[in-house]
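Colleague: Next comes input_27.pdb, PDB, C-alpha atoms:
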```pdb
ATOM      1  CA  MET A   1    -113.912 -85.588 147.468
ATOM      2  CA  LYS A   2    -110.754 -84.792 145.599
ATOM      3  CA  THR A   3    -108.496 -81.941 146.688
ATOM      4  CA  THR A   4    -108.851 -80.229 143.326
ATOM      5  CA  ALA A   5    -112.639 -80.209 143.597
ATOM      6  CA  THR A   6    -112.305 -78.773 147.092
ATOM      7  CA  LEU A   7    -110.267 -75.848 145.737
ATOM      8  CA  ALA A   8    -112.834 -75.053 143.057
ATOM      9  CA  ASN A   9    -115.687 -75.244 145.568
ATOM     10  CA  SER A  10    -113.876 -73.115 148.134
ATOM     11  CA  LEU A  11    -113.461 -70.319 145.587
ATOM     12  CA  MET A  12    -117.204 -70.392 144.998
ATOM     13  CA  LEU A  13    -117.698 -70.261 148.766
ATOM     14  CA  VAL A  14    -115.886 -66.921 148.926
ATOM     15  CA  LEU A  15    -118.336 -65.474 146.390
ATOM     16  CA  LEU A  16    -121.306 -66.951 148.229
ATOM     17  CA  LEU A  17    -120.280 -65.540 151.583
ATOM     18  CA  GLY A  18    -118.791 -62.225 150.531
ATOM     19  CA  ALA A  19    -120.963 -61.020 147.671
ATOM     20  CA  THR A  20    -124.371 -61.745 149.158
ATOM     21  CA  GLN A  21    -124.664 -58.953 151.715
ATOM     22  CA  SER A  22    -127.604 -57.624 149.694
ATOM     23  CA  LEU A  23    -129.768 -58.814 146.825
ATOM     24  CA  HIS A  24    -128.442 -55.952 144.698
ATOM     25  CA  ALA A  25    -124.813 -57.017 145.224
ATOM     26  CA  ALA A  26    -125.648 -60.660 144.525
ATOM     27  CA  LEU A  27    -127.435 -59.804 141.274
ATOM     28  CA  LEU A  28    -124.509 -57.700 140.140
ATOM     29  CA  THR A  29    -122.004 -60.420 141.079
ATOM     30  CA  LEU A  30    -124.092 -62.994 139.259
ATOM     31  CA  LEU A  31    -124.279 -60.785 136.171
ATOM     32  CA  MET A  32    -120.510 -60.313 136.166
ATOM     33  CA  PHE A  33    -119.968 -64.038 136.837
ATOM     34  CA  VAL A  34    -122.117 -65.039 133.871
ATOM     35  CA  ALA A  35    -120.512 -62.435 131.604
ATOM     36  CA  VAL A  36    -116.934 -63.364 132.493
ATOM     37  CA  ILE A  37    -117.504 -67.140 132.445
ATOM     38  CA  GLY A  38    -119.449 -66.926 129.171
ATOM     39  CA  ALA A  39    -116.955 -64.663 127.407
ATOM     40  CA  TYR A  40    -114.103 -66.830 128.647
ATOM     41  CA  ALA A  41    -115.742 -70.007 127.313
ATOM     42  CA  VAL A  42    -116.322 -68.428 123.897
ATOM     43  CA  CYS A  43    -112.766 -67.082 123.639
ATOM     44  CA  MET A  44    -111.025 -70.240 124.846
ATOM     45  CA  ARG A  45    -112.911 -72.677 122.616
ATOM     46  CA  PRO A  46    -110.780 -72.058 119.483
ATOM     47  CA  LEU A  47    -107.549 -71.767 121.494
ATOM     48  CA  ARG A  48    -107.829 -74.948 123.565
ATOM     49  CA  PRO A  49    -106.909 -77.517 120.853
ATOM     50  CA  ARG A  50    -103.905 -75.472 119.681
ATOM     51  CA  LEU A  51    -102.169 -75.073 123.045
ATOM     52  CA  THR A  52    -100.044 -77.362 125.175
ATOM     53  CA  ALA A  53    -100.877 -77.851 128.848
ATOM     54  CA  GLN A  54     -98.436 -75.181 130.067
ATOM     55  CA  ALA A  55     -99.414 -72.720 127.353
ATOM     56  CA  LEU A  56    -103.083 -73.378 128.093
ATOM     57  CA  LEU A  57    -102.578 -72.415 131.731
ATOM     58  CA  LEU A  58    -100.814 -69.181 130.809
ATOM     59  CA  ALA A  59    -103.341 -68.277 128.101
ATOM     60  CA  SER A  60    -106.169 -69.102 130.470
ATOM     61  CA  LEU A  61    -104.749 -66.855 133.162
ATOM     62  CA  VAL A  62    -104.137 -63.915 130.817
ATOM     63  CA  LEU A  63    -107.538 -64.194 129.134
ATOM     64  CA  ALA A  64    -109.481 -64.566 132.380
ATOM     65  CA  ALA A  65    -107.713 -61.606 134.006
ATOM     66  CA  THR A  66    -108.254 -59.487 130.907
ATOM     67  CA  LEU A  67    -111.961 -60.277 130.693
ATOM     68  CA  ALA A  68    -112.577 -59.735 134.400
ATOM     69  CA  ASN A  69    -110.769 -56.388 134.319
ATOM     70  CA  CYS A  70    -112.601 -55.306 131.158
ATOM     71  CA  PHE A  71    -115.959 -55.973 132.786
ATOM     72  CA  ASP A  72    -114.758 -54.219 135.926
ATOM     73  CA  LEU A  73    -113.742 -51.168 133.868
ATOM     74  CA  LEU A  74    -117.127 -51.162 132.129
ATOM     75  CA  LEU A  75    -118.819 -51.123 135.507
ATOM     76  CA  GLN A  76    -116.530 -48.306 136.673
ATOM     77  CA  ARG A  77    -117.498 -46.281 133.621
ATOM     78  CA  TRP A  78    -121.264 -46.757 133.702
ATOM     79  CA  ALA A  79    -122.139 -47.918 137.209
ATOM     80  CA  LEU A  80    -119.501 -46.774 139.693
ATOM     81  CA  PRO A  81    -121.542 -47.321 142.889
ATOM     82  CA  TRP A  82    -122.330 -50.861 141.783
ATOM     83  CA  GLN A  83    -118.728 -51.493 140.808
ATOM     84  CA  GLN A  84    -117.577 -50.408 144.256
ATOM     85  CA  THR A  85    -119.920 -52.996 145.752
ATOM     86  CA  ILE A  86    -118.256 -55.932 144.000
ATOM     87  CA  ALA A  87    -114.797 -54.620 143.026
ATOM     88  CA  LEU A  88    -113.127 -57.029 145.415
ATOM     89  CA  TYR A  89    -114.548 -60.055 143.621
ATOM     90  CA  SER A  90    -113.578 -59.303 139.997
ATOM     91  CA  GLY A  91    -110.119 -60.795 140.445
ATOM     92  CA  LEU A  92    -111.657 -63.814 142.114
ATOM     93  CA  LEU A  93    -113.872 -64.348 139.070
ATOM     94  CA  ALA A  94    -110.770 -64.468 136.881
ATOM     95  CA  LEU A  95    -109.180 -67.010 139.197
ATOM     96  CA  GLN A  96    -112.394 -69.018 139.151
ATOM     97  CA  CYS A  97    -112.221 -69.206 135.327
ATOM     98  CA  VAL A  98    -108.699 -70.606 135.506
ATOM     99  CA  VAL A  99    -109.623 -73.177 138.154
ATOM    100  CA  LEU A 100    -112.712 -74.251 136.209
ATOM    101  CA  GLU A 101    -110.583 -74.606 133.080
ATOM    102  CA  HIS A 102    -108.106 -76.752 134.961
ATOM    103  CA  HIS A 103    -110.896 -79.052 136.225
ATOM    104  CA  GLY A 104    -112.454 -79.537 132.791
ATOM    105  CA  PHE A 105    -115.615 -77.555 133.444
ATOM    106  CA  TYR A 106    -115.613 -76.136 129.918
ATOM    107  CA  ARG A 107    -115.054 -79.570 128.326
ATOM    108  CA  GLN A 108    -118.119 -81.208 129.854
ATOM    109  CA  PRO A 109    -121.515 -81.201 128.102
ATOM    110  CA  ARG A 110    -123.219 -77.819 128.094
ATOM    111  CA  THR A 111    -126.267 -79.078 129.963
ATOM    112  CA  ALA A 112    -124.115 -80.234 132.888
ATOM    113  CA  ALA A 113    -122.225 -76.914 132.952
ATOM    114  CA  LEU A 114    -125.464 -74.918 132.776
ATOM    115  CA  LYS A 115    -126.945 -77.021 135.563
ATOM    116  CA  LEU A 116    -123.972 -76.260 137.833
ATOM    117  CA  CYS A 117    -124.137 -72.544 136.986
ATOM    118  CA  ALA A 118    -127.880 -72.482 137.656
ATOM    119  CA  LEU A 119    -127.345 -74.216 140.997
ATOM    120  CA  PHE A 120    -124.697 -71.661 141.952
ATOM    121  CA  ALA A 121    -126.941 -68.783 140.822
ATOM    122  CA  GLY A 122    -129.901 -70.102 142.793
ATOM    123  CA  LEU A 123    -127.831 -70.531 145.936
ATOM    124  CA  LEU A 124    -126.253 -67.083 145.515
ATOM    125  CA  LEU A 125    -129.639 -65.375 145.126
ATOM    126  CA  ALA A 126    -131.310 -67.371 147.901
ATOM    127  CA  LEU A 127    -128.510 -66.592 150.333
ATOM    128  CA  ALA A 128    -128.579 -62.900 149.402
ATOM    129  CA  LEU A 129    -132.349 -62.732 149.768
ATOM    130  CA  LEU A 130    -132.261 -64.377 153.184
ATOM    131  CA  ARG A 131    -129.326 -62.256 154.389
ATOM    132  CA  GLU A 132    -131.038 -59.044 153.342
ATOM    133  CA  LEU A 133    -134.369 -60.081 154.829
ATOM    134  CA  ILE A 134    -132.921 -61.285 158.137
ATOM    135  CA  GLY A 135    -130.199 -58.633 158.402
ATOM    136  CA  HIS A 136    -132.071 -55.496 157.376
ATOM    137  CA  GLY A 137    -135.699 -56.506 157.734
ATOM    138  CA  SER A 138    -136.370 -55.499 154.153
ATOM    139  CA  ILE A 139    -136.001 -56.760 150.616
ATOM    140  CA  GLY A 140    -134.890 -54.179 148.087
ATOM    141  CA  GLY A 141    -136.272 -51.274 150.113
ATOM    142  CA  LEU A 142    -139.603 -52.986 150.896
ATOM    143  CA  ILE A 143    -139.744 -53.099 154.697
ATOM    144  CA  VAL A 144    -140.943 -56.456 155.991
ATOM    145  CA  PHE A 145    -140.203 -55.894 159.674
ATOM    146  CA  SER A 146    -138.686 -52.989 161.569
ATOM    147  CA  LYS A 147    -135.418 -54.382 162.913
ATOM    148  CA  GLY A 148    -133.081 -56.961 161.504
ATOM    149  CA  LEU A 149    -130.445 -59.214 162.969
ATOM    150  CA  THR A 150    -127.169 -57.445 162.190
ATOM    151  CA  LEU A 151    -125.149 -60.670 162.350
ATOM    152  CA  ALA A 152    -126.785 -61.842 159.120
ATOM    153  CA  THR A 153    -125.258 -58.929 157.204
ATOM    154  CA  LEU A 154    -121.732 -59.926 158.241
ATOM    155  CA  VAL A 155    -119.686 -62.757 156.718
ATOM    156  CA  PRO A 156    -119.856 -64.984 159.837
ATOM    157  CA  GLY A 157    -123.629 -64.681 159.701
ATOM    158  CA  ALA A 158    -123.567 -65.691 156.046
ATOM    159  CA  PHE A 159    -121.474 -68.723 156.947
ATOM    160  CA  ILE A 160    -123.965 -69.732 159.642
ATOM    161  CA  LEU A 161    -126.912 -69.166 157.315
ATOM    162  CA  LEU A 162    -125.274 -71.213 154.552
ATOM    163  CA  GLY A 163    -124.683 -74.028 157.033
ATOM    164  CA  LEU A 164    -128.334 -73.928 158.056
ATOM    165  CA  LEU A 165    -129.424 -74.000 154.404
ATOM    166  CA  LEU A 166    -127.196 -76.992 153.698
ATOM    167  CA  ALA A 167    -128.493 -78.789 156.801
ATOM    168  CA  ALA A 168    -132.082 -78.119 155.722
ATOM    169  CA  HIS A 169    -131.302 -79.442 152.234
ATOM    170  CA  GLN A 170    -129.751 -82.585 153.697
ATOM    171  CA  ALA A 171    -132.718 -83.142 155.993
ATOM    172  CA  TRP A 172    -135.140 -82.599 153.115
ATOM    173  CA  THR A 173    -133.403 -84.968 150.691
ATOM    174  CA  ARG A 174    -132.357 -87.673 153.163
ATOM    175  CA  PRO A 175    -134.234 -90.929 152.671
ATOM    176  CA  THR A 176    -136.673 -91.734 155.436
ATOM    177  CA  ALA A 177    -135.819 -94.460 157.926
ATOM    178  CA  SER A 178    -137.396 -97.852 157.479
ATOM    179  CA  ALA A 179    -140.336 -98.766 159.716
ATOM    180  CA  LYS A 180    -138.602-102.031 160.643
ATOM    181  CA  GLU A 181    -135.636-100.225 162.117
ATOM    182  CA  SER A 182    -135.283-100.643 165.841
ATOM    183  CA  HIS A 183    -133.236 -98.566 168.223
ATOM    184  CA  HIS A 184    -132.807-101.450 170.670
ATOM    185  CA  PRO A 185    -129.481-103.314 170.869
TER     186      PRO A 185
END
```
Would you mind writing the file out in structure tokens?
Modeller:
Amino acid sequence: MKTTATLANSLMLVLLLGATQSLHAALLTLLMFVAVIGAYAVCMRPLRPRLTAQALLLASLVLAATLANCFDLLLQRWALPWQQTIALYSGLLALQCVVLEHHGFYRQPRTAALKLCALFAGLLLALALLRELIGHGSIGGLIVFSKGLTLATLVPGAFILLGLLLAAHQAWTRPTASAKESHHP
């Protein structure tokens, strides 16, 4: 794995771990992610061919920060409690736009980009659903069991849960061992 891909993935990890303390926060983060990424892609499309590499970086940074702050201000105006839930991550969304631009995310075919966004959205919602269910014992106010495991609501618990999900995915998709395989030397 290249170092540049590691940086892009680690920024997504911060959103996955930090913004999934509840299903409500994850849905709001996902909505803002889609809005900022989509608006950024639309605005940068006509600018990209006209800019040099250095100018593209600066324009990308200014546009991403502007869009993220505009959406943050809209949330402050019409949904202040929700905005307070994810205010920390609006700047990270702007940085994510710049990193994705640098890695060519917006230049790849739309189906590949949509597939990656859908994968991120599915993982974000699944992690939020599991954290809320395990941590609070309820999903969106619907009580499933009386007490939850408080660790799941904290970031270290999210990290552990994400590791368990990735291990389960690896175990599920790993090819089965051949019947001829022997464990004898």
Colleague: I need the output of the PyMOL selection byres ((chain A and resi 35-41) around 12) for this file as a ChimeraX atom specification; which residues are they?
Modeller: /A:28-34,42-48,59-72,74,89-101,104-108,110,113-114,117
Colleague: Decode the PyMOL selection byres ((chain A and resi 18) around 9) for the given file into explicit residues and return them as a ChimeraX atom specification.
Modeller: /A:13-17,19-21,89,154-155,158
Colleague: Using C-alpha atoms, can you write the selected residues to a file as an mmCIF file, in the coordinates of the input?
Modeller:
```cif
data_model
loop_
_atom_site.group_PDB
_atom_site.id
_atom_site.type_symbol
_atom_site.label_atom_id
_atom_site.label_comp_id
_atom_site.auth_asym_id
_atom_site.auth_seq_id
_atom_site.Cartn_x
_atom_site.Cartn_y
_atom_site.Cartn_z
ATOM 1 C CA LEU A 13 -117.698 -70.261 148.766
ATOM 2 C CA VAL A 14 -115.886 -66.921 148.926
ATOM 3 C CA LEU A 15 -118.336 -65.474 146.390
ATOM 4 C CA LEU A 16 -121.306 -66.951 148.229
ATOM 5 C CA LEU A 17 -120.280 -65.540 151.583
ATOM 6 C CA ALA A 19 -120.963 -61.020 147.671
ATOM 7 C CA THR A 20 -124.371 -61.745 149.158
ATOM 8 C CA GLN A 21 -124.664 -58.953 151.715
ATOM 9 C CA TYR A 89 -114.548 -60.055 143.621
ATOM 10 C CA LEU A 154 -121.732 -59.926 158.241
ATOM 11 C CA VAL A 155 -119.686 -62.757 156.718
ATOM 12 C CA ALA A 158 -123.567 -65.691 156.046
#
```
Colleague: With a distance cut-off of 8 Å and all atoms listed in the file, select the neighbouring residues of Leu133 (chain A), excluding the residue or stretch itself and same-chain residues fewer than 5 positions from it, and output the selection as a VMD selection string.
Modeller: chain A and resid 138 to 139 144 148
Colleague: Determine the nearest neighbour of Ser22 (chain A) from the options A:Leu129, A:Leu58, A:Ala171, A:Leu165, counting all atoms listed in the file.
Modeller: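 Between A:Leu129, A:Leu58, A:Ala171, A:Leu165, the residue approaching Ser22 (chain A) most closely is A:Leu129.
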Colleague: Name the residues in contact with Ser146 (chain A) at a cut-off of 12 Å, using all atoms listed in the file, excluding same-chain residues fewer than 3 positions from it; report them as number ranges by chain.
Modeller: A: 133-139, 141-143, 149
Colleague: Find the distance between CA of Ala167 (chain A) and CA of Lys147 (chain A) and write it in Å to one decimal.
Modeller: 26.1 Å
Colleague: So how far away is CA of Leu162 (chain A) from CA of Ala126 (chain A), in Å?
Modeller: 9.8 Å
Colleague: From the list A:Leu151, A:Pro49, A:Leu164, A:Ala25, which residue is nearest Ile86 (chain A) when using only C-alpha atoms?
Modeller: A:Ala25
Colleague: Padding of 6 Å on every side, edges along x, y and z, all listed atoms of region 142-160 of chain A included: what centre and edge lengths in Å, to one decimal, does that box have, as lines of an AutoDock Vina configuration file?
Modeller:
```
center_x = -130.3
center_y = -61.4
center_z = 156.9
size_x = 33.3
size_y = 28.7
size_z = 24.1
```
Colleague: With distances taken over only C-alpha atoms, which of A:Gln170, A:Thr85, A:Leu127, A:Arg77 is nearest to Thr153 (chain A)?
Modeller: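 Looking only at the distances to Thr153 (chain A), the closest residue turns out to be A:Leu127.
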Colleague: Between A:Arg131, A:Arg50, A:Lys115, A:His103, which one has atoms that come closest to Ala26 (chain A), using all atoms listed in the file?
Modeller: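 Smallest separation from Ala26 (chain A) among the options: A:Arg131.
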Colleague: Tell me, in Å to one decimal, how far CA of Trp82 (chain A) is from CA of Ala118 (chain A).
Modeller: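 Distance reported for this atom pair: 22.7 Å.
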